[in-house]
Amino acid sequence: MVNSLKNLFSGKSKGIGIELAPDHISVAQLRKQGQGFKLVTLATTPVPEGLFHEGQITDAAGMAELLQSLLAEHKLKVKRVATAVAGGRDTVTRIIPIPAELNDQELREMVLNQEAGLYLPFPREEADVDYQKLGLFVDEDGIEKFQVLLVATRKEITDSYVRTFQQAGLQIDVLEISSFSLIRTIREQLRQFSPQEAVAIVDIEFESTEISIAVDGVPQFSRTVPIGTYQIQSALSRAMNLPPSRSTELLQSMTIPVNTGDTVGGPGKMGGTNPGAAAMLRIIGELADELRRSIDFYLNQGDNLEVAQLLLAGPGGSIGQLDEFFTHRLSLPSSQIDPITALGLEVTQDVPQAQRPGLGVVLGLGLREAR
């Protein structure tokens, strides 16, 4: 079987990281510099409506054309790329136990051809599957087993990515799940927590939010909810009698209230009482409820489980005081990620603070291709 989840856990090669999303294409080129990395190129372009919907590229030719134009504009003459599929109903990440006495070939056979079908919400023959063997543990019956991280996505999703990049004249070196890219970017930040402490990573993207609960950098639980910046922005625009927009600039200029007595405001003329407050808070409140359900579900899976912190990522992660809102609402320390600082990147261009939480995925992809 030709597996389109390419080199999911392999080493690095030379190229660039490219993130395809419903509302934007982002490109990051990193270069090794001493013990760290330098951000050589960071570029983005908006994606018009109709090219990408619900995690799937619906117009490969249109996306390929946009991608070619972005690379040409920034004089990027590369052929090899790392990219990522967004989490959602068409992707699966699960940790499964496998008997430790199996050799590598037996392990591969069991995971790909036996176990995978037990965990997929779609037929096994319609899936691309990969896996990574993790650490050993002894189960409650005293049997030594491996933890295996199973990753799968629908073939039609991975095929649409492969087709898009082929039409753009590019070769995919790495095709992974976006939450892995994000975790790679903030790995050093995650190492500050003990192996007993889980971290909830909340990636607020355009159409949805991916919630990943990770322990020691390995996702133990993943869930995608259909609430993203578009839903928040749409509620805000309707309440303020503004035309609908796919841009998140207005949203990122807002500061949401932490307490119910506050009003929503923003810098300069955006200050003071804002008619979008109730509408905006209703959607963000729904997201907070989904976060609580996800965290409670994880905590109920075993004894002595703990979620130590909430990390906010994605374009929606930069909404003013969102971290304080979640801290107050969920009684859980929350903070917005800054991938530039987390990676200690040397940068040659100014990267505004409001844009940084949304760079976690593309920079993680860029790391896979750093020279």
# chains A, B, ... in the order shown; residues from 1 in each chain; ligands from 1
>>> select_by_dssp(residues="range 187-224 of chain A", states="alpha helix (DSSP H)", output="list in words")
Arg187, Glu188, Gln189 and Leu190 of chain A
>>> write_last_selection(atoms="N, CA and C atoms", output="JSON list (two decimals), in the first residue's frame")
[["chain", "number", "residue", "atom", "x", "y", "z"],
["A", 187, "ARG", "N", 7.50, 22.42, 21.95],
["A", 187, "ARG", "CA", 8.01, 21.27, 22.71],
["A", 187, "ARG", "C", 8.79, 21.69, 23.95],
["A", 188, "GLU", "N", 9.66, 22.70, 23.82],
["A", 188, "GLU", "CA", 10.44, 23.13, 24.98],
["A", 188, "GLU", "C", 9.53, 23.68, 26.07],
["A", 189, "GLN", "N", 8.48, 24.37, 25.69],
["A", 189, "GLN", "CA", 7.52, 24.88, 26.66],
["A", 189, "GLN", "C", 6.81, 23.72, 27.37],
["A", 190, "LEU", "N", 6.49, 22.68, 26.64],
["A", 190, "LEU", "CA", 5.81, 21.52, 27.23],
["A", 190, "LEU", "C", 6.72, 20.77, 28.18]]
>>> residues_around(residues="Gln220 in chain A", least_positions_apart="2", cutoff="10 Å", atoms="only C-alpha atoms", output="short mmCIF file (atom, residue, chain, number, x, y, z; two decimals) with C-alpha atoms, in the first residue's frame")
data_model
loop_
_atom_site.label_atom_id
_atom_site.label_comp_id
_atom_site.auth_asym_id
_atom_site.auth_seq_id
_atom_site.Cartn_x
_atom_site.Cartn_y
_atom_site.Cartn_z
CA THR A 93 -5.02 10.02 16.69
CA ARG A 94 -5.14 7.32 19.37
CA ILE A 95 -2.70 5.69 21.76
CA LEU A 149 0.56 6.27 18.67
CA ALA A 198 -1.14 17.20 31.09
CA VAL A 199 -1.43 20.38 29.04
CA SER A 212 -5.30 18.31 22.19
CA ILE A 213 -4.44 17.13 25.69
CA ALA A 214 -0.76 16.19 25.74
CA VAL A 215 1.47 14.55 28.33
CA ASP A 216 5.22 14.81 27.85
CA GLY A 217 4.61 16.11 24.33
CA VAL A 218 2.43 13.17 23.25
CA SER A 222 -7.80 15.00 20.60
CA TYR A 298 -9.87 13.19 29.86
#
>>> residues_around(residues="Pro352 in chain A", least_positions_apart="2", cutoff="12 Å", atoms="only C-alpha atoms", output="PDB file with N, CA, C and O atoms, in the first residue's frame")
ATOM      1  N   GLN A 252      -9.093  40.356  16.163  1.00  0.00           N
ATOM      2  CA  GLN A 252      -7.828  40.417  16.880  1.00  0.00           C
ATOM      3  C   GLN A 252      -7.569  41.795  17.492  1.00  0.00           C
ATOM      4  O   GLN A 252      -6.666  41.932  18.314  1.00  0.00           O
ATOM      5  N   SER A 318      -5.045  34.872  19.764  1.00  0.00           N
ATOM      6  CA  SER A 318      -4.504  36.203  20.063  1.00  0.00           C
ATOM      7  C   SER A 318      -5.580  37.218  20.462  1.00  0.00           C
ATOM      8  O   SER A 318      -5.272  38.387  20.676  1.00  0.00           O
ATOM      9  N   ASP A 338       3.570  32.013  22.139  1.00  0.00           N
ATOM     10  CA  ASP A 338       4.348  32.874  21.249  1.00  0.00           C
ATOM     11  C   ASP A 338       5.413  31.986  20.609  1.00  0.00           C
ATOM     12  O   ASP A 338       6.474  31.754  21.197  1.00  0.00           O
ATOM     13  N   PRO A 339       5.134  31.420  19.424  1.00  0.00           N
ATOM     14  CA  PRO A 339       6.066  30.467  18.807  1.00  0.00           C
ATOM     15  C   PRO A 339       7.444  31.051  18.518  1.00  0.00           C
ATOM     16  O   PRO A 339       8.436  30.330  18.569  1.00  0.00           O
ATOM     17  N   ILE A 340       7.510  32.351  18.212  1.00  0.00           N
ATOM     18  CA  ILE A 340       8.807  32.979  17.932  1.00  0.00           C
ATOM     19  C   ILE A 340       9.703  32.885  19.160  1.00  0.00           C
ATOM     20  O   ILE A 340      10.869  32.490  19.090  1.00  0.00           O
ATOM     21  N   VAL A 347      14.814  36.578  13.959  1.00  0.00           N
ATOM     22  CA  VAL A 347      13.915  37.001  12.884  1.00  0.00           C
ATOM     23  C   VAL A 347      14.507  38.220  12.174  1.00  0.00           C
ATOM     24  O   VAL A 347      15.177  39.054  12.789  1.00  0.00           O
ATOM     25  N   GLN A 349      12.371  39.990  10.078  1.00  0.00           N
ATOM     26  CA  GLN A 349      11.217  40.835   9.803  1.00  0.00           C
ATOM     27  C   GLN A 349      10.373  40.955  11.052  1.00  0.00           C
ATOM     28  O   GLN A 349      10.381  40.082  11.916  1.00  0.00           O
ATOM     29  N   ASP A 350       9.655  42.047  11.166  1.00  0.00           N
ATOM     30  CA  ASP A 350       8.816  42.257  12.335  1.00  0.00           C
ATOM     31  C   ASP A 350       7.601  41.337  12.257  1.00  0.00           C
ATOM     32  O   ASP A 350       6.910  41.279  11.238  1.00  0.00           O
ATOM     33  N   ALA A 354       0.111  40.101  17.725  1.00  0.00           N
ATOM     34  CA  ALA A 354      -1.225  39.557  17.472  1.00  0.00           C
ATOM     35  C   ALA A 354      -1.207  38.405  16.478  1.00  0.00           C
ATOM     36  O   ALA A 354      -2.118  37.579  16.460  1.00  0.00           O
ATOM     37  N   GLN A 355      -0.175  38.340  15.640  1.00  0.00           N
ATOM     38  CA  GLN A 355      -0.094  37.271  14.641  1.00  0.00           C
ATOM     39  C   GLN A 355       0.596  36.013  15.165  1.00  0.00           C
ATOM     40  O   GLN A 355       0.448  34.927  14.606  1.00  0.00           O
ATOM     41  N   ARG A 356       1.333  36.130  16.251  1.00  0.00           N
ATOM     42  CA  ARG A 356       2.219  35.046  16.663  1.00  0.00           C
ATOM     43  C   ARG A 356       1.504  33.761  17.085  1.00  0.00           C
ATOM     44  O   ARG A 356       1.949  32.670  16.698  1.00  0.00           O
ATOM     45  N   PRO A 357       0.409  33.815  17.865  1.00  0.00           N
ATOM     46  CA  PRO A 357      -0.242  32.545  18.231  1.00  0.00           C
ATOM     47  C   PRO A 357      -0.693  31.727  17.022  1.00  0.00           C
ATOM     48  O   PRO A 357      -0.799  30.501  17.105  1.00  0.00           O
ATOM     49  N   GLY A 358      -0.929  32.397  15.883  1.00  0.00           N
ATOM     50  CA  GLY A 358      -1.373  31.693  14.688  1.00  0.00           C
ATOM     51  C   GLY A 358      -0.259  31.064  13.872  1.00  0.00           C
ATOM     52  O   GLY A 358      -0.524  30.452  12.831  1.00  0.00           O
ATOM     53  N   LEU A 359       0.992  31.170  14.339  1.00  0.00           N
ATOM     54  CA  LEU A 359       2.133  30.670  13.564  1.00  0.00           C
ATOM     55  C   LEU A 359       2.641  29.315  14.040  1.00  0.00           C
ATOM     56  O   LEU A 359       3.609  28.793  13.495  1.00  0.00           O
TER      57      LEU A 359
END
>>> select_by_dssp(residues="range 76-199 of chain A", states="strand (DSSP E)", output="ChimeraX atom specification")
/A:80-85,91-99,127-138,144-154,171-177,197-199
>>> write_last_selection(atoms="C-alpha atoms", output="PDB file, in the first residue's frame")
ATOM      1  CA  ARG A  80      10.222  19.964  -1.313  1.00  0.00           C
ATOM      2  CA  VAL A  81       7.715  20.812   1.403  1.00  0.00           C
ATOM      3  CA  ALA A  82       6.274  19.717   4.720  1.00  0.00           C
ATOM      4  CA  THR A  83       2.564  20.267   5.174  1.00  0.00           C
ATOM      5  CA  ALA A  84      -0.232  19.216   7.507  1.00  0.00           C
ATOM      6  CA  VAL A  85      -3.826  18.043   7.491  1.00  0.00           C
ATOM      7  CA  THR A  91      -8.545  12.274  11.152  1.00  0.00           C
ATOM      8  CA  VAL A  92      -7.810  10.011  14.099  1.00  0.00           C
ATOM      9  CA  THR A  93      -5.021  10.017  16.689  1.00  0.00           C
ATOM     10  CA  ARG A  94      -5.136   7.325  19.369  1.00  0.00           C
ATOM     11  CA  ILE A  95      -2.705   5.690  21.764  1.00  0.00           C
ATOM     12  CA  ILE A  96      -3.181   1.929  21.778  1.00  0.00           C
ATOM     13  CA  PRO A  97      -1.472  -0.867  23.796  1.00  0.00           C
ATOM     14  CA  ILE A  98       0.384  -3.579  21.868  1.00  0.00           C
ATOM     15  CA  PRO A  99       2.122  -6.672  23.399  1.00  0.00           C
ATOM     16  CA  ALA A 127      -7.780   5.407   5.342  1.00  0.00           C
ATOM     17  CA  ASP A 128      -4.093   6.254   5.241  1.00  0.00           C
ATOM     18  CA  VAL A 129      -2.517   5.039   8.490  1.00  0.00           C
ATOM     19  CA  ASP A 130       0.834   5.509  10.201  1.00  0.00           C
ATOM     20  CA  TYR A 131       2.099   4.815  13.714  1.00  0.00           C
ATOM     21  CA  GLN A 132       4.945   5.429  16.134  1.00  0.00           C
ATOM     22  CA  LYS A 133       6.084   3.092  18.904  1.00  0.00           C
ATOM     23  CA  LEU A 134       6.336   4.922  22.221  1.00  0.00           C
ATOM     24  CA  GLY A 135       7.433   3.755  25.665  1.00  0.00           C
ATOM     25  CA  LEU A 136       6.952   0.476  27.515  1.00  0.00           C
ATOM     26  CA  PHE A 137       4.484   0.001  30.367  1.00  0.00           C
ATOM     27  CA  VAL A 138       3.110  -2.865  32.445  1.00  0.00           C
ATOM     28  CA  GLU A 144       4.546  -5.708  29.386  1.00  0.00           C
ATOM     29  CA  LYS A 145       3.218  -3.680  26.448  1.00  0.00           C
ATOM     30  CA  PHE A 146       4.209  -0.849  24.142  1.00  0.00           C
ATOM     31  CA  GLN A 147       2.216   2.320  23.789  1.00  0.00           C
ATOM     32  CA  VAL A 148       1.707   2.951  20.082  1.00  0.00           C
ATOM     33  CA  LEU A 149       0.555   6.274  18.669  1.00  0.00           C
ATOM     34  CA  LEU A 150      -1.851   5.526  15.815  1.00  0.00           C
ATOM     35  CA  VAL A 151      -2.551   8.242  13.243  1.00  0.00           C
ATOM     36  CA  ALA A 152      -5.020   8.005  10.376  1.00  0.00           C
ATOM     37  CA  THR A 153      -6.845  10.209   7.915  1.00  0.00           C
ATOM     38  CA  ARG A 154      -9.237   9.607   5.041  1.00  0.00           C
ATOM     39  CA  GLN A 171       6.893  17.405  -3.759  1.00  0.00           C
ATOM     40  CA  ILE A 172       5.571  16.562  -0.289  1.00  0.00           C
ATOM     41  CA  ASP A 173       8.313  15.246   2.004  1.00  0.00           C
ATOM     42  CA  VAL A 174       6.150  15.254   5.119  1.00  0.00           C
ATOM     43  CA  LEU A 175       2.383  15.149   5.475  1.00  0.00           C
ATOM     44  CA  GLU A 176       1.286  15.083   9.104  1.00  0.00           C
ATOM     45  CA  ILE A 177      -1.544  16.121  11.420  1.00  0.00           C
ATOM     46  CA  GLU A 197       0.956  16.938  34.244  1.00  0.00           C
ATOM     47  CA  ALA A 198      -1.136  17.195  31.093  1.00  0.00           C
ATOM     48  CA  VAL A 199      -1.428  20.375  29.039  1.00  0.00           C
TER      49      VAL A 199
END
>>> residues_around(residues="Gly36 in chain A", least_positions_apart="6", cutoff="9 Å", atoms="only C-alpha atoms", output="list in words")
Leu343, Gly344, Leu345 and Glu346 of chain A
>>> write_last_selection(atoms="N, CA and C atoms", output="tab-separated table (two decimals), in the first residue's frame")
chain	number	residue	atom	x	y	z
A	343	LEU	N	10.60	29.11	20.28
A	343	LEU	CA	11.68	28.51	19.49
A	343	LEU	C	12.98	29.30	19.57
A	344	GLY	N	12.94	30.48	20.20
A	344	GLY	CA	14.14	31.32	20.25
A	344	GLY	C	14.61	31.71	18.87
A	345	LEU	N	13.67	31.99	17.95
A	345	LEU	CA	14.02	32.27	16.57
A	345	LEU	C	14.66	33.64	16.41
A	346	GLU	N	15.71	33.68	15.61
A	346	GLU	CA	16.20	34.97	15.14
A	346	GLU	C	15.34	35.37	13.94
>>> residues_around(residues="Gly314 in chain A", least_positions_apart="5", cutoff="10 Å", atoms="only C-alpha atoms", output="number ranges by chain")
A: 182, 202-206, 209-210, 228-229, 336-337, 355-361
>>> residues_around(residues="range 362-368 of chain A", least_positions_apart="6", cutoff="6 Å", atoms="only C-alpha atoms", output="PDB file with N, CA and C atoms, in the first residue's frame")
ATOM      1  N   LYS A  12      14.548  15.090   9.061  1.00  0.00           N
ATOM      2  CA  LYS A  12      14.330  16.319   8.304  1.00  0.00           C
ATOM      3  C   LYS A  12      14.940  16.230   6.914  1.00  0.00           C
ATOM      4  N   ILE A  16      10.599  23.811   2.676  1.00  0.00           N
ATOM      5  CA  ILE A  16       9.871  24.804   3.456  1.00  0.00           C
ATOM      6  C   ILE A  16       8.625  24.165   4.053  1.00  0.00           C
ATOM      7  N   GLY A  17       8.090  24.825   5.069  1.00  0.00           N
ATOM      8  CA  GLY A  17       6.837  24.404   5.653  1.00  0.00           C
ATOM      9  C   GLY A  17       5.697  25.218   5.065  1.00  0.00           C
ATOM     10  N   GLU A  19       1.446  25.728   5.334  1.00  0.00           N
ATOM     11  CA  GLU A  19       0.166  25.444   5.972  1.00  0.00           C
ATOM     12  C   GLU A  19      -0.957  25.890   5.046  1.00  0.00           C
ATOM     13  N   ALA A  28       6.725  29.055   5.762  1.00  0.00           N
ATOM     14  CA  ALA A  28       7.845  29.385   6.654  1.00  0.00           C
ATOM     15  C   ALA A  28       9.088  28.638   6.198  1.00  0.00           C
ATOM     16  N   GLN A  29      10.168  29.390   6.080  1.00  0.00           N
ATOM     17  CA  GLN A  29      11.469  28.808   5.757  1.00  0.00           C
ATOM     18  C   GLN A  29      12.415  29.109   6.909  1.00  0.00           C
ATOM     19  N   LEU A  30      12.926  28.052   7.539  1.00  0.00           N
ATOM     20  CA  LEU A  30      13.849  28.195   8.659  1.00  0.00           C
ATOM     21  C   LEU A  30      15.222  27.668   8.274  1.00  0.00           C
ATOM     22  N   ALA A  82       6.994  20.410   3.655  1.00  0.00           N
ATOM     23  CA  ALA A  82       6.274  19.717   4.720  1.00  0.00           C
ATOM     24  C   ALA A  82       4.942  20.425   4.875  1.00  0.00           C
ATOM     25  N   SER A 181       2.494  19.337  14.363  1.00  0.00           N
ATOM     26  CA  SER A 181       3.334  20.484  14.002  1.00  0.00           C
ATOM     27  C   SER A 181       3.353  21.500  15.139  1.00  0.00           C
ATOM     28  N   LEU A 182       2.179  21.760  15.698  1.00  0.00           N
ATOM     29  CA  LEU A 182       2.071  22.725  16.788  1.00  0.00           C
ATOM     30  C   LEU A 182       2.841  22.255  18.019  1.00  0.00           C
ATOM     31  N   ARG A 184       5.389  20.300  18.073  1.00  0.00           N
ATOM     32  CA  ARG A 184       6.824  20.416  17.796  1.00  0.00           C
ATOM     33  C   ARG A 184       7.313  21.836  18.079  1.00  0.00           C
ATOM     34  N   THR A 185       6.520  22.815  17.722  1.00  0.00           N
ATOM     35  CA  THR A 185       6.903  24.211  17.921  1.00  0.00           C
ATOM     36  C   THR A 185       7.047  24.564  19.396  1.00  0.00           C
TER      37      THR A 185
END
>>> closest_residue(among="A:Ile157, A:Asp104, A:Leu39, A:Glu286", to="Ala60 in chain A", atoms="only C-alpha atoms")
A:Ile157
>>> decode(residues="range 236-247 of chain A", atoms="all heavy atoms", output="JSON list (two decimals), in the first residue's frame")
[["chain", "number", "residue", "atom", "x", "y", "z"],
["A", 236, "LEU", "N", -19.99, 38.74, 15.87],
["A", 236, "LEU", "CA", -19.59, 40.11, 16.16],
["A", 236, "LEU", "C", -20.06, 41.05, 15.05],
["A", 236, "LEU", "O", -20.63, 42.12, 15.33],
["A", 236, "LEU", "CB", -18.06, 40.17, 16.31],
["A", 236, "LEU", "CG", -17.42, 41.52, 16.58],
["A", 236, "LEU", "CD1", -17.89, 42.08, 17.92],
["A", 236, "LEU", "CD2", -15.90, 41.38, 16.57],
["A", 237, "SER", "N", -19.85, 40.67, 13.79],
["A", 237, "SER", "CA", -20.24, 41.52, 12.66],
["A", 237, "SER", "C", -21.75, 41.74, 12.60],
["A", 237, "SER", "O", -22.21, 42.86, 12.36],
["A", 237, "SER", "CB", -19.75, 40.90, 11.35],
["A", 237, "SER", "OG", -18.33, 40.82, 11.31],
["A", 238, "ARG", "N", -22.50, 40.66, 12.81],
["A", 238, "ARG", "CA", -23.97, 40.80, 12.78],
["A", 238, "ARG", "C", -24.45, 41.75, 13.87],
["A", 238, "ARG", "O", -25.30, 42.61, 13.63],
["A", 238, "ARG", "CB", -24.63, 39.42, 12.96],
["A", 238, "ARG", "CG", -24.57, 38.54, 11.72],
["A", 238, "ARG", "CD", -25.51, 37.36, 11.84],
["A", 238, "ARG", "NE", -25.19, 36.53, 13.00],
["A", 238, "ARG", "CZ", -24.37, 35.48, 12.97],
["A", 238, "ARG", "NH1", -23.78, 35.15, 11.83],
["A", 238, "ARG", "NH2", -24.16, 34.76, 14.05],
["A", 239, "ALA", "N", -23.89, 41.61, 15.06],
["A", 239, "ALA", "CA", -24.33, 42.45, 16.17],
["A", 239, "ALA", "C", -23.96, 43.91, 15.95],
["A", 239, "ALA", "O", -24.65, 44.81, 16.45],
["A", 239, "ALA", "CB", -23.72, 41.94, 17.47],
["A", 240, "MET", "N", -22.89, 44.17, 15.20],
["A", 240, "MET", "CA", -22.44, 45.54, 14.96],
["A", 240, "MET", "C", -22.89, 46.06, 13.60],
["A", 240, "MET", "O", -22.46, 47.12, 13.17],
["A", 240, "MET", "CB", -20.91, 45.60, 15.06],
["A", 240, "MET", "CG", -20.37, 45.23, 16.44],
["A", 240, "MET", "SD", -18.56, 45.20, 16.53],
["A", 240, "MET", "CE", -18.15, 46.92, 16.29],
["A", 241, "ASN", "N", -23.77, 45.28, 12.93],
["A", 241, "ASN", "CA", -24.30, 45.67, 11.61],
["A", 241, "ASN", "C", -23.19, 45.94, 10.60],
["A", 241, "ASN", "O", -23.26, 46.86, 9.79],
["A", 241, "ASN", "CB", -25.20, 46.92, 11.73],
["A", 241, "ASN", "CG", -26.46, 46.63, 12.52],
["A", 241, "ASN", "OD1", -27.10, 45.59, 12.32],
["A", 241, "ASN", "ND2", -26.81, 47.54, 13.41],
["A", 242, "LEU", "N", -22.18, 45.07, 10.63],
["A", 242, "LEU", "CA", -21.08, 45.15, 9.68],
["A", 242, "LEU", "C", -21.24, 44.06, 8.64],
["A", 242, "LEU", "O", -21.83, 43.01, 8.91],
["A", 242, "LEU", "CB", -19.74, 44.97, 10.41],
["A", 242, "LEU", "CG", -19.36, 46.06, 11.41],
["A", 242, "LEU", "CD1", -18.09, 45.66, 12.17],
["A", 242, "LEU", "CD2", -19.15, 47.40, 10.71],
["A", 243, "PRO", "N", -20.73, 44.25, 7.43],
["A", 243, "PRO", "CA", -20.82, 43.20, 6.42],
["A", 243, "PRO", "C", -19.99, 41.99, 6.84],
["A", 243, "PRO", "O", -18.98, 42.14, 7.55],
["A", 243, "PRO", "CB", -20.24, 43.87, 5.16],
["A", 243, "PRO", "CG", -19.38, 44.98, 5.67],
["A", 243, "PRO", "CD", -20.04, 45.47, 6.92],
["A", 244, "PRO", "N", -20.38, 40.79, 6.43],
["A", 244, "PRO", "CA", -19.60, 39.60, 6.77],
["A", 244, "PRO", "C", -18.19, 39.68, 6.20],
["A", 244, "PRO", "O", -17.98, 40.25, 5.13],
["A", 244, "PRO", "CB", -20.39, 38.44, 6.15],
["A", 244, "PRO", "CG", -21.28, 39.09, 5.13],
["A", 244, "PRO", "CD", -21.56, 40.47, 5.60],
["A", 245, "SER", "N", -17.24, 39.12, 6.93],
["A", 245, "SER", "CA", -15.83, 39.18, 6.51],
["A", 245, "SER", "C", -15.12, 37.91, 6.93],
["A", 245, "SER", "O", -15.40, 37.35, 7.99],
["A", 245, "SER", "CB", -15.14, 40.39, 7.13],
["A", 245, "SER", "OG", -13.75, 40.36, 6.88],
["A", 246, "ARG", "N", -14.19, 37.45, 6.08],
["A", 246, "ARG", "CA", -13.36, 36.30, 6.42],
["A", 246, "ARG", "C", -12.09, 36.73, 7.17],
["A", 246, "ARG", "O", -11.37, 35.90, 7.71],
["A", 246, "ARG", "CB", -12.98, 35.54, 5.16],
["A", 246, "ARG", "CG", -14.17, 34.86, 4.50],
["A", 246, "ARG", "CD", -13.84, 34.35, 3.11],
["A", 246, "ARG", "NE", -12.78, 33.34, 3.09],
["A", 246, "ARG", "CZ", -12.98, 32.05, 3.30],
["A", 246, "ARG", "NH1", -14.20, 31.61, 3.59],
["A", 246, "ARG", "NH2", -11.97, 31.20, 3.23],
["A", 247, "SER", "N", -11.83, 38.02, 7.19],
["A", 247, "SER", "CA", -10.65, 38.53, 7.87],
["A", 247, "SER", "C", -10.87, 38.53, 9.39],
["A", 247, "SER", "O", -11.98, 38.77, 9.86],
["A", 247, "SER", "CB", -10.34, 39.96, 7.40],
["A", 247, "SER", "OG", -9.35, 40.54, 8.22]]
